[in-house]
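Have a look at run_11.cif; it's mmCIF, C-alpha atoms:
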```
data_start
#
loop_
_atom_site.label_atom_id
_atom_site.label_comp_id
_atom_site.auth_asym_id
_atom_site.auth_seq_id
_atom_site.Cartn_x
_atom_site.Cartn_y
_atom_site.Cartn_z
CA MET A 263 -20.28 -2.80 3.59
CA ILE A 264 -18.61 -2.03 0.25
CA PRO A 265 -16.40 -4.85 -1.08
CA LEU A 266 -12.67 -4.23 -1.03
CA GLU A 267 -12.47 -4.76 -4.79
CA PHE A 268 -14.37 -1.54 -5.44
CA TYR A 269 -11.63 0.53 -3.83
CA LEU A 270 -8.87 -1.45 -5.54
CA VAL A 271 -10.46 -1.08 -8.96
CA LEU A 272 -10.93 2.67 -8.41
CA SER A 273 -7.27 2.82 -7.38
CA ALA A 274 -6.27 0.91 -10.53
CA ILE A 275 -8.31 3.24 -12.76
CA LEU A 276 -6.80 6.38 -11.21
CA PHE A 277 -3.29 4.93 -11.45
CA THR A 278 -3.79 4.08 -15.12
CA ILE A 279 -5.13 7.57 -15.88
CA GLY A 280 -2.01 8.98 -14.23
CA ALA A 281 0.30 6.66 -16.16
CA TYR A 282 -1.46 7.41 -19.46
CA GLY A 283 -1.30 11.15 -18.81
CA PHE A 284 2.38 10.83 -18.01
CA ILE A 285 2.92 9.47 -21.53
CA ILE A 286 0.68 11.72 -23.64
CA LYS A 287 1.11 15.12 -21.95
CA ARG A 288 3.79 17.46 -23.27
CA ASN A 289 3.74 20.09 -20.53
CA ILE A 290 6.18 19.23 -17.75
CA ILE A 291 3.92 20.65 -15.02
CA THR A 292 1.01 18.47 -16.15
CA ILE A 293 3.31 15.43 -16.24
CA PHE A 294 4.27 16.23 -12.67
CA MET A 295 0.59 16.42 -11.70
CA CYS A 296 0.04 12.97 -13.21
CA ILE A 297 2.76 11.62 -10.90
CA GLU A 298 0.87 13.09 -7.93
CA LEU A 299 -2.29 11.37 -9.19
CA MET A 300 -0.49 8.01 -9.27
CA LEU A 301 0.76 8.56 -5.70
CA ASN A 302 -2.82 9.24 -4.61
CA ALA A 303 -4.10 6.08 -6.30
CA VAL A 304 -1.62 4.04 -4.27
CA ASN A 305 -2.63 5.91 -1.10
CA LEU A 306 -6.22 4.84 -1.69
CA SER A 307 -5.13 1.18 -1.81
CA PHE A 308 -3.19 1.64 1.43
CA VAL A 309 -6.16 3.13 3.27
CA ALA A 310 -8.59 0.49 1.91
CA PHE A 311 -6.33 -2.36 3.04
CA ALA A 312 -5.81 -0.70 6.44
CA ARG A 313 -9.56 -0.61 6.88
CA TYR A 314 -10.32 -4.15 5.72
CA TYR A 315 -7.50 -5.82 7.62
CA SER A 316 -8.19 -3.67 10.72
CA LEU A 317 -4.57 -2.50 10.87
CA LEU A 318 -3.22 0.97 11.44
CA ASP A 319 0.03 0.54 9.50
CA GLY A 320 -1.54 1.41 6.16
CA GLN A 321 -2.58 4.84 7.37
CA VAL A 322 0.89 5.47 8.84
CA PHE A 323 2.37 4.61 5.43
CA VAL A 324 0.01 7.07 3.75
CA PHE A 325 1.34 9.70 6.15
CA PHE A 326 4.90 8.97 4.99
CA VAL A 327 3.88 8.95 1.33
CA MET A 328 2.36 12.41 1.80
CA ALA A 329 5.60 13.68 3.37
CA VAL A 330 7.61 12.28 0.45
CA ALA A 331 5.14 13.80 -2.04
CA ALA A 332 5.50 17.22 -0.39
CA ALA A 333 9.31 17.01 -0.57
CA GLU A 334 9.09 15.80 -4.16
CA ALA A 335 6.79 18.67 -5.13
CA ALA A 336 9.14 21.27 -3.61
CA VAL A 337 12.26 19.91 -5.35
CA GLY A 338 10.46 19.10 -8.61
CA LEU A 339 8.93 22.55 -8.94
CA GLY A 340 12.36 24.03 -8.15
CA ILE A 341 13.76 22.00 -11.06
CA ILE A 342 10.92 23.21 -13.30
CA VAL A 343 11.62 26.86 -12.42
CA ALA A 344 15.35 26.35 -13.10
CA LEU A 345 14.53 24.58 -16.39
CA PHE A 346 12.24 27.37 -17.51
CA ARG A 347 14.84 29.99 -16.63
CA ASN A 348 17.49 28.23 -18.72
CA ARG A 349 15.44 26.99 -21.69
CA GLN A 350 12.41 29.35 -21.75
CA THR A 351 10.08 26.40 -22.37
CA LEU A 352 7.96 23.89 -20.47
CA ASN A 353 7.55 21.52 -23.41
CA VAL A 354 9.36 18.25 -22.78
CA ASP A 355 9.87 17.71 -26.51
CA GLU A 356 12.16 20.74 -26.61
CA THR A 357 14.28 19.66 -23.65
CA ASN A 358 15.70 16.44 -25.09
CA LEU A 359 19.40 17.05 -24.48
CA MET A 360 19.83 13.79 -22.54
CA LYS A 361 17.44 11.72 -24.67
CA TRP A 362 19.86 10.34 -27.26
CA MET B 71 -26.77 4.24 0.53
CA GLU B 72 -23.13 3.51 1.35
CA ILE B 73 -22.58 2.23 -2.19
CA ALA B 74 -24.30 5.28 -3.69
CA ILE B 75 -22.03 7.70 -1.80
CA PHE B 76 -18.97 5.69 -2.82
CA LEU B 77 -20.02 5.65 -6.47
CA LEU B 78 -20.67 9.40 -6.36
CA PHE B 79 -17.19 10.15 -5.02
CA ALA B 80 -15.57 7.57 -7.32
CA GLY B 81 -17.35 9.03 -10.34
CA VAL B 82 -16.27 12.57 -9.46
CA ALA B 83 -12.69 11.36 -8.97
CA ILE B 84 -12.52 9.48 -12.28
CA VAL B 85 -14.22 12.22 -14.33
CA SER B 86 -12.01 14.97 -12.93
CA ALA B 87 -8.91 12.79 -13.35
CA GLY B 88 -9.86 12.28 -16.98
CA ASN B 89 -10.35 16.02 -17.29
CA ILE B 90 -6.67 16.48 -16.39
CA LEU B 91 -5.80 14.71 -19.63
CA ILE B 92 -8.42 16.48 -21.74
CA GLN B 93 -7.52 20.03 -20.73
CA ARG B 94 -4.69 21.65 -22.68
CA HIS B 95 -3.95 24.47 -20.24
CA PRO B 96 -2.08 23.40 -17.07
CA ILE B 97 -4.14 25.64 -14.78
CA TYR B 98 -7.34 23.74 -15.69
CA SER B 99 -5.51 20.45 -15.14
CA ALA B 100 -4.41 21.66 -11.70
CA LEU B 101 -7.97 22.62 -10.73
CA SER B 102 -9.27 19.22 -11.93
CA LEU B 103 -6.61 17.49 -9.85
CA ILE B 104 -7.79 19.44 -6.78
CA VAL B 105 -11.34 18.14 -7.36
CA THR B 106 -9.92 14.59 -7.60
CA PHE B 107 -8.10 15.02 -4.29
CA ILE B 108 -11.22 16.32 -2.54
CA ALA B 109 -13.27 13.38 -3.85
CA LEU B 110 -10.58 11.01 -2.56
CA ALA B 111 -10.78 12.73 0.84
CA GLY B 112 -14.50 11.93 0.88
CA ILE B 113 -13.70 8.27 0.19
CA TYR B 114 -11.14 8.29 3.03
CA ILE B 115 -13.81 9.55 5.43
CA GLN B 116 -16.03 6.69 4.28
CA LEU B 117 -13.16 4.32 5.09
CA HIS B 118 -13.00 5.75 8.66
CA ALA B 119 -9.60 7.32 8.00
CA GLU B 120 -10.53 10.79 9.21
CA PHE B 121 -6.95 11.86 9.97
CA ILE B 122 -5.81 10.89 6.46
CA ALA B 123 -8.80 12.70 4.95
CA VAL B 124 -7.91 15.93 6.77
CA MET B 125 -4.24 15.50 5.79
CA GLN B 126 -5.34 15.02 2.19
CA ILE B 127 -7.17 18.36 2.24
CA VAL B 128 -4.51 20.26 4.19
CA VAL B 129 -1.32 18.87 2.65
CA TYR B 130 -2.36 17.96 -0.88
CA THR B 131 -4.94 20.53 -1.85
CA GLY B 132 -3.76 23.13 0.63
CA ALA B 133 0.01 23.00 0.21
CA ILE B 134 1.11 20.96 -2.80
CA MET B 135 -1.53 22.10 -5.28
CA VAL B 136 -1.23 25.72 -4.20
CA LEU B 137 2.49 25.36 -4.95
CA PHE B 138 1.63 23.97 -8.39
CA VAL B 139 -0.80 26.80 -9.16
CA PHE B 140 1.76 29.29 -7.86
CA VAL B 141 4.45 27.97 -10.22
CA ILE B 142 2.03 27.88 -13.17
CA MET B 143 1.13 31.53 -12.52
CA LEU B 144 4.78 32.47 -11.94
CA LEU B 145 6.01 30.95 -15.19
CA ASN B 146 2.96 32.23 -17.05
CA ALA B 147 2.52 28.84 -18.70
CA GLY B 148 0.27 28.80 -21.75
CA ALA B 149 -1.62 25.95 -23.35
CA GLU B 150 0.65 23.17 -24.54
CA GLN B 151 1.40 23.08 -28.22
CA ARG B 152 1.49 19.69 -29.82
CA VAL B 153 3.92 18.08 -32.22
CA PRO B 154 1.39 16.18 -34.33
CA ASP B 155 3.22 13.16 -35.73
CA LYS B 156 4.96 12.12 -32.51
CA VAL B 157 2.04 12.63 -30.15
CA HIS B 158 -0.46 10.72 -32.27
CA VAL B 159 1.67 7.58 -32.32
CA VAL B 160 1.95 7.73 -28.53
CA LYS B 161 -1.78 8.35 -28.17
CA TYR B 162 -2.93 5.44 -30.33
CA PHE B 163 -0.50 2.96 -28.86
CA GLY B 164 -0.95 4.28 -25.33
CA LEU B 165 -4.74 3.93 -25.11
CA PRO B 166 -4.90 0.15 -25.70
CA LEU B 167 -1.93 -0.34 -23.41
CA ALA B 168 -3.66 1.71 -20.68
CA GLY B 169 -6.79 -0.46 -21.12
CA LEU B 170 -4.63 -3.56 -20.82
CA LEU B 171 -3.07 -2.20 -17.61
CA ILE B 172 -6.53 -1.62 -16.07
CA VAL B 173 -7.66 -5.16 -17.02
CA GLN B 174 -4.48 -6.68 -15.62
CA ILE B 175 -4.63 -4.85 -12.29
CA GLY B 176 -8.38 -5.52 -12.05
CA LEU B 177 -7.88 -9.26 -12.61
CA ILE B 178 -5.07 -9.43 -10.08
CA VAL B 179 -6.94 -7.61 -7.32
CA THR B 180 -10.20 -9.50 -7.80
CA ARG B 181 -8.45 -12.88 -7.76
CA ALA B 182 -5.83 -12.29 -5.11
CA PHE B 183 -7.91 -10.43 -2.54
CA SER B 184 -11.27 -12.14 -2.76
CA ASN B 185 -12.18 -11.55 0.88
CA GLU B 186 -10.04 -14.31 2.39
CA GLY B 187 -8.22 -13.40 5.57
CA ILE B 188 -10.17 -10.18 5.88
CA SER B 189 -11.57 -9.80 9.36
CA VAL B 190 -14.12 -7.05 9.62
CA ASP B 191 -15.22 -6.91 13.22
CA SER B 192 -16.68 -3.61 14.24
CA ALA B 193 -14.88 -3.48 17.60
CA SER B 194 -11.41 -3.07 16.11
CA LEU B 195 -12.68 -1.05 13.16
CA ASN B 196 -13.44 1.91 15.36
CA LEU B 197 -9.78 2.04 16.33
CA THR B 198 -8.49 2.34 12.79
CA GLY B 199 -9.98 5.76 12.28
CA ASN B 200 -8.59 7.13 15.49
CA THR B 201 -6.10 9.97 15.23
CA GLN B 202 -4.82 9.20 18.71
CA MET B 203 -3.87 5.67 17.64
CA ILE B 204 -1.99 6.99 14.60
CA GLY B 205 -0.08 9.44 16.77
CA LYS B 206 0.84 6.67 19.20
CA ALA B 207 2.04 4.44 16.36
CA LEU B 208 4.07 7.29 14.85
CA TYR B 209 5.93 7.99 18.08
CA THR B 210 6.52 4.40 19.23
CA GLN B 211 6.63 1.80 16.46
CA TYR B 212 7.48 4.24 13.65
CA ALA B 213 9.61 6.71 15.63
CA LEU B 214 12.74 6.25 13.49
CA PRO B 215 11.01 6.62 10.08
CA PHE B 216 9.19 9.65 11.48
CA GLU B 217 12.49 11.33 12.40
CA VAL B 218 14.05 10.36 9.05
CA THR B 219 11.08 12.06 7.36
CA SER B 220 12.08 15.33 9.01
CA ILE B 221 15.59 14.97 7.55
CA LEU B 222 14.02 14.28 4.15
CA LEU B 223 12.00 17.49 4.39
CA LEU B 224 15.16 19.40 5.38
CA VAL B 225 16.94 18.01 2.32
CA ALA B 226 13.96 19.05 0.18
CA ILE B 227 14.13 22.62 1.53
CA VAL B 228 17.86 22.87 0.81
CA GLY B 229 17.36 21.27 -2.63
CA ALA B 230 14.58 23.67 -3.58
CA ILE B 231 16.70 26.68 -2.59
CA VAL B 232 19.71 25.40 -4.56
CA MET B 233 17.51 24.69 -7.61
CA ALA B 234 15.89 28.11 -7.56
CA LYS B 235 19.18 29.97 -7.10
CA LYS B 236 20.08 32.38 -9.85
CA ASP B 237 23.60 31.31 -10.85
CA LEU B 238 23.11 27.57 -11.01
#
```

Taking this structure as input, can you express it in the form of structure tokens?
Amino acid sequence: MIPLEFYLVLSAILFTIGAYGFIIKRNIITIFMCIELMLNAVNLSFVAFARYYSLLDGQVFVFFVMAVAAAEAAVGLGIIVALFRNRQTLNVDETNLMKW
Amino acid sequence: MEIAIFLLFAGVAIVSAGNILIQRHPIYSALSLIVTFIALAGIYIQLHAEFIAVMQIVVYTGAIMVLFVFVIMLLNAGAEQRVPDKVHVVKYFGLPLAGLLIVQIGLIVTRAFSNEGISVDSASLNLTGNTQMIGKALYTQYALPFEVTSILLLVAIVGAIVMAKKDL
């Protein structure tokens, strides 16, 4: 049987890639995809713990996280479409009205 | 054998996740993310979470990523152009910080969860992958959160329509 740490380290690596991409990417759609990657990294931890502690609750939580991610994707992509219609750009450096 | 399959899926997941960052065009990033999700579904099957694995394929790669690709095509998004001075500062400070984050999380998980309190008996393990058990838990113990989720999805539908309306 594979040790639990393997799954947790994989989850940590994927989460860090998502967090790093969130910082360096300039395209708002790619930034949004990095958020989805971070959600998936956490899901992997949930499923690994559910398996190793022989509990079902972790998998139920993953179900809820997926529902939230679907809702988030629908609203977020709606915001992106509205943003593109108003500003004609997807670059986050050009939409800095609320930055300072 | 088990380890080899895990390492294969983990390698595919990490390489394709890194490819998201390397690619400049969002459509290539989206396709890399789909590969990551499918590799994660393989790992879920290895963890005896068959229901979650199928949900991963159907909901994530089937619904969410198709929505992403649809929006990328709709907006006709090109490759991202870079502002050199700003981005380079972020890149060179971000990489060591990302390495630090991996080391920190790795240290925490290897120290805190070093196999104590983990009971792996094969009799109860077979239950954890059972879709029937998840359905039972969803409609008894988690009935209220399950219903609240439907309200959340309704709010998301209304929100998406309001966002995409013409005269916002």

Counting only C-alpha atoms, the residue of A:Phe277, A:Thr357, A:Phe311, A:Ala333 that sits nearest chain B: A:Ala333

Pick from A:Leu359, A:Leu345, A:Ala303, A:Ala336 nearest to Val225 of chain B, counting only C-alpha atoms: A:Ala336

Hey, what comes out of the PyMOL selection byres ((chain A) within 7 of (chain B)) on this file? Could you write it as a CSV table (one decimal) with C-alpha atoms, in the coordinates of the input?
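Final output, saved to part_34.csv:
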```
chain,number,residue,atom,x,y,z
A,264,ILE,CA,-18.6,-2.0,0.2
A,267,GLU,CA,-12.5,-4.8,-4.8
A,270,LEU,CA,-8.9,-1.4,-5.5
A,271,VAL,CA,-10.5,-1.1,-9.0
A,272,LEU,CA,-10.9,2.7,-8.4
A,274,ALA,CA,-6.3,0.9,-10.5
A,275,ILE,CA,-8.3,3.2,-12.8
A,276,LEU,CA,-6.8,6.4,-11.2
A,278,THR,CA,-3.8,4.1,-15.1
A,279,ILE,CA,-5.1,7.6,-15.9
A,282,TYR,CA,-1.5,7.4,-19.5
A,283,GLY,CA,-1.3,11.2,-18.8
A,286,ILE,CA,0.7,11.7,-23.6
A,288,ARG,CA,3.8,17.5,-23.3
A,289,ASN,CA,3.7,20.1,-20.5
A,291,ILE,CA,3.9,20.6,-15.0
A,292,THR,CA,1.0,18.5,-16.2
A,310,ALA,CA,-8.6,0.5,1.9
A,313,ARG,CA,-9.6,-0.6,6.9
A,314,TYR,CA,-10.3,-4.2,5.7
A,315,TYR,CA,-7.5,-5.8,7.6
A,316,SER,CA,-8.2,-3.7,10.7
A,317,LEU,CA,-4.6,-2.5,10.9
A,318,LEU,CA,-3.2,1.0,11.4
A,321,GLN,CA,-2.6,4.8,7.4
A,322,VAL,CA,0.9,5.5,8.8
A,329,ALA,CA,5.6,13.7,3.4
A,332,ALA,CA,5.5,17.2,-0.4
A,333,ALA,CA,9.3,17.0,-0.6
A,335,ALA,CA,6.8,18.7,-5.1
A,336,ALA,CA,9.1,21.3,-3.6
A,337,VAL,CA,12.3,19.9,-5.4
A,340,GLY,CA,12.4,24.0,-8.2
A,341,ILE,CA,13.8,22.0,-11.1
A,343,VAL,CA,11.6,26.9,-12.4
A,344,ALA,CA,15.4,26.4,-13.1
```

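Put simply, atom CA of Glu298 of chain A is 13.3 Å away from atom CA of Val136 of chain B.
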
Kindly provide, as AutoDock Vina command-line options, the centre and edge lengths (Å, one decimal) of an axis-aligned box around all atoms of segment 139-151 of chain B given in the file, with 8 Å on each side.
```
--center_x 2.2 --center_y 27.8 --center_z -18.0 --size_x 23.6 --size_y 25.4 --size_z 36.4
```

Straight-line distance linking atom CA of Leu301 of chain A with atom CA of Val327 of chain A, stated in Å to one decimal: 7.7 Å

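When atom CA of Leu214 of chain B is paired with atom CA of Ile115 of chain B, their separation reads 27.9 Å.
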
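With distances restricted to all atoms listed in the file, A:Leu306 is the closest residue to Ala109 of chain B from A:Leu306, A:Phe325, A:Val330, A:Lys361.
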
Selection dump of the PyMOL selection byres ((chain A and resi 352) around 6), as a PyMOL selection string: chain A and resi 289-290+351+353

Working from the structure I just supplied, which lacks atoms in segment 276-301 of chain A, can you model N, CA and C atoms there and output them as a PDB file, in the coordinates of the input?
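What follows is the written file result.pdb:
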```
ATOM      1  N   LEU A 276      -7.481   5.100 -11.398  1.00  0.00           N
ATOM      2  CA  LEU A 276      -6.800   6.380 -11.210  1.00  0.00           C
ATOM      3  C   LEU A 276      -5.319   6.255 -11.552  1.00  0.00           C
ATOM      4  N   PHE A 277      -4.711   5.120 -11.145  1.00  0.00           N
ATOM      5  CA  PHE A 277      -3.290   4.930 -11.450  1.00  0.00           C
ATOM      6  C   PHE A 277      -3.057   4.894 -12.948  1.00  0.00           C
ATOM      7  N   THR A 278      -3.968   4.198 -13.668  1.00  0.00           N
ATOM      8  CA  THR A 278      -3.790   4.080 -15.120  1.00  0.00           C
ATOM      9  C   THR A 278      -3.987   5.428 -15.803  1.00  0.00           C
ATOM     10  N   ILE A 279      -4.963   6.233 -15.311  1.00  0.00           N
ATOM     11  CA  ILE A 279      -5.130   7.570 -15.880  1.00  0.00           C
ATOM     12  C   ILE A 279      -3.855   8.378 -15.684  1.00  0.00           C
ATOM     13  N   GLY A 280      -3.254   8.264 -14.491  1.00  0.00           N
ATOM     14  CA  GLY A 280      -2.010   8.980 -14.230  1.00  0.00           C
ATOM     15  C   GLY A 280      -0.887   8.520 -15.134  1.00  0.00           C
ATOM     16  N   ALA A 281      -0.774   7.194 -15.327  1.00  0.00           N
ATOM     17  CA  ALA A 281       0.300   6.660 -16.160  1.00  0.00           C
ATOM     18  C   ALA A 281       0.103   7.070 -17.618  1.00  0.00           C
ATOM     19  N   TYR A 282      -1.171   7.019 -18.077  1.00  0.00           N
ATOM     20  CA  TYR A 282      -1.460   7.410 -19.460  1.00  0.00           C
ATOM     21  C   TYR A 282      -1.168   8.893 -19.676  1.00  0.00           C
ATOM     22  N   GLY A 283      -1.575   9.729 -18.709  1.00  0.00           N
ATOM     23  CA  GLY A 283      -1.300  11.150 -18.810  1.00  0.00           C
ATOM     24  C   GLY A 283       0.188  11.441 -18.816  1.00  0.00           C
ATOM     25  N   PHE A 284       0.934  10.660 -18.040  1.00  0.00           N
ATOM     26  CA  PHE A 284       2.380  10.830 -18.010  1.00  0.00           C
ATOM     27  C   PHE A 284       2.976  10.651 -19.396  1.00  0.00           C
ATOM     28  N   ILE A 285       2.367   9.746 -20.206  1.00  0.00           N
ATOM     29  CA  ILE A 285       2.920   9.470 -21.530  1.00  0.00           C
ATOM     30  C   ILE A 285       2.464  10.520 -22.545  1.00  0.00           C
ATOM     31  N   ILE A 286       1.167  10.895 -22.518  1.00  0.00           N
ATOM     32  CA  ILE A 286       0.680  11.720 -23.640  1.00  0.00           C
ATOM     33  C   ILE A 286       0.896  13.211 -23.402  1.00  0.00           C
ATOM     34  N   LYS A 287       1.021  13.678 -22.163  1.00  0.00           N
ATOM     35  CA  LYS A 287       1.110  15.120 -21.950  1.00  0.00           C
ATOM     36  C   LYS A 287       2.495  15.637 -22.326  1.00  0.00           C
ATOM     37  N   ARG A 288       2.530  16.871 -22.850  1.00  0.00           N
ATOM     38  CA  ARG A 288       3.790  17.460 -23.270  1.00  0.00           C
ATOM     39  C   ARG A 288       4.266  18.547 -22.312  1.00  0.00           C
ATOM     40  N   ASN A 289       3.365  19.029 -21.466  1.00  0.00           N
ATOM     41  CA  ASN A 289       3.740  20.090 -20.530  1.00  0.00           C
ATOM     42  C   ASN A 289       4.315  19.459 -19.272  1.00  0.00           C
ATOM     43  N   ILE A 290       5.487  19.909 -18.851  1.00  0.00           N
ATOM     44  CA  ILE A 290       6.180  19.230 -17.750  1.00  0.00           C
ATOM     45  C   ILE A 290       5.419  19.381 -16.433  1.00  0.00           C
ATOM     46  N   ILE A 291       4.685  20.478 -16.258  1.00  0.00           N
ATOM     47  CA  ILE A 291       3.920  20.650 -15.020  1.00  0.00           C
ATOM     48  C   ILE A 291       2.764  19.659 -14.977  1.00  0.00           C
ATOM     49  N   THR A 292       2.102  19.443 -16.116  1.00  0.00           N
ATOM     50  CA  THR A 292       1.010  18.470 -16.150  1.00  0.00           C
ATOM     51  C   THR A 292       1.524  17.058 -15.936  1.00  0.00           C
ATOM     52  N   ILE A 293       2.700  16.752 -16.477  1.00  0.00           N
ATOM     53  CA  ILE A 293       3.310  15.430 -16.240  1.00  0.00           C
ATOM     54  C   ILE A 293       3.546  15.235 -14.754  1.00  0.00           C
ATOM     55  N   PHE A 294       4.023  16.291 -14.108  1.00  0.00           N
ATOM     56  CA  PHE A 294       4.270  16.230 -12.670  1.00  0.00           C
ATOM     57  C   PHE A 294       2.973  16.000 -11.888  1.00  0.00           C
ATOM     58  N   MET A 295       1.894  16.628 -12.359  1.00  0.00           N
ATOM     59  CA  MET A 295       0.590  16.420 -11.700  1.00  0.00           C
ATOM     60  C   MET A 295       0.113  14.983 -11.872  1.00  0.00           C
ATOM     61  N   CYS A 296       0.424  14.371 -13.011  1.00  0.00           N
ATOM     62  CA  CYS A 296       0.040  12.970 -13.210  1.00  0.00           C
ATOM     63  C   CYS A 296       0.777  12.059 -12.234  1.00  0.00           C
ATOM     64  N   ILE A 297       2.032  12.413 -11.900  1.00  0.00           N
ATOM     65  CA  ILE A 297       2.760  11.620 -10.900  1.00  0.00           C
ATOM     66  C   ILE A 297       2.050  11.719  -9.551  1.00  0.00           C
ATOM     67  N   GLU A 298       1.595  12.932  -9.192  1.00  0.00           N
ATOM     68  CA  GLU A 298       0.870  13.090  -7.930  1.00  0.00           C
ATOM     69  C   GLU A 298      -0.408  12.253  -7.927  1.00  0.00           C
ATOM     70  N   LEU A 299      -1.067  12.176  -9.097  1.00  0.00           N
ATOM     71  CA  LEU A 299      -2.290  11.370  -9.190  1.00  0.00           C
ATOM     72  C   LEU A 299      -1.980   9.893  -8.952  1.00  0.00           C
ATOM     73  N   MET A 300      -0.854   9.406  -9.485  1.00  0.00           N
ATOM     74  CA  MET A 300      -0.490   8.010  -9.270  1.00  0.00           C
ATOM     75  C   MET A 300      -0.195   7.754  -7.796  1.00  0.00           C
ATOM     76  N   LEU A 301       0.488   8.710  -7.130  1.00  0.00           N
ATOM     77  CA  LEU A 301       0.760   8.560  -5.700  1.00  0.00           C
ATOM     78  C   LEU A 301      -0.552   8.455  -4.918  1.00  0.00           C
TER      79      LEU A 301
END
```
